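**Student:** Input: one structure, supplied below.
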Amino acid sequence: MNLPAISVPKAGISLGVSKYIPFAMPVGSLVISILVAYFVIWPKFGEVLSMRTSNQQLEVQASQLNEKAQTLTTLSQDKPTLEKQLAQSEQLLPSKNGIFPLLREIEVASATSGVLVEKVDVDPKSLSSGGGQGSGAPAPPPDKNASSVSGLSPAVVVKVALTGGYRSFLDFLSYLYNGSRVISIDDLSLTSSSGKEGGGGVVRAAITINAFWRPLPTNLGTLDKPVDKLSSAEVGRLNAVVTVPTEQASSSAVPQVPMGRSDLFAPF
């Protein structure tokens, strides 16, 4: 007699899987919740955090802009002082190379101190750097023998040969350094015609004058850039500059002399 075959292992497997069927829905819901939290909620949470950070930055920028507006309002109420400081700073550090005022200063210093200027040479490279028109071209690199301040700003380089007494030469240097323009003197060489000490002999000197200048800025910068305030030392340095008022040139009136006929084209 043929008996039917009973599949005992399959029945055992189906009975084992059936025990975990009630847990399928909770586990699936948990997995779906984790995926939703990872792909939806977490990015939104990051956006909220970034918005809070940007709001704090905007608050700081708003306070800085408010402070800048108050500073500009205060400065606008004192326009004569700003114009005076601008004129003083223009004498300290001109916006152009100012070669002719510099040569005039050398002549006045020579006449005041009593030294004889034998030779004046202007380096053409220093005149071509920046063009003297306020362009923002960088200054050429300084020589290895130049001072440490030579590369901070464009400068007009003038080489001067002098002859005179030692005391007169010191007065010449003192006049240049006491002037309003920012300069530095390099490559100083002295030769004396007598071996006496005390400055009684005639000396020959050769110096290199670096007269600095800086072009005016072409842009106002960013809106949130703070306004740089002058320190007490900078204000004192500006106040030490003796400005020539613009009215002085026009104050010299033409003397009243007989001018003849009032209309040159009127008939006799």
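In the structure tokens, chains take letters A, B, ... by order of appearance, with residues numbered from 1 within each chain and ligands from 1 in the order shown.
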Based on the backbone DSSP call, show me all residues of range 59-240 of chain A assigned alpha helix (DSSP H), as a PyMOL selection string.
**Tutor:** chain A and resi 59-76+79-92+99-113+124-128+166-177+232-239
**Student:** To test your reading of the structure, identify every residue in range 64-191 of chain A that backbone DSSP assigns to strand (DSSP E), and report it as a ChimeraX atom specification.
**Tutor:** /A:116-122,155-165,183-191
**Student:** Can you measure CA of Phe169 in chain A to CA of Thr191 in chain A for me? One decimal in Å is fine.
**Tutor:**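 So the answer is 11.9 Å.
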**Student:** Please indicate the distance in Å from CA of Leu216 in chain A to CA of Val122 in chain A, rounded to one decimal place.
**Tutor:**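 Straight-line distance from CA of Leu216 in chain A to CA of Val122 in chain A works out to 23.2 Å.
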**Student:** To one decimal in Å, tell me the separation between CA of Thr222 in chain A and CA of Gly236 in chain A.
**Tutor:**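 For CA of Thr222 in chain A relative to CA of Gly236 in chain A, the distance reads 28.9 Å.
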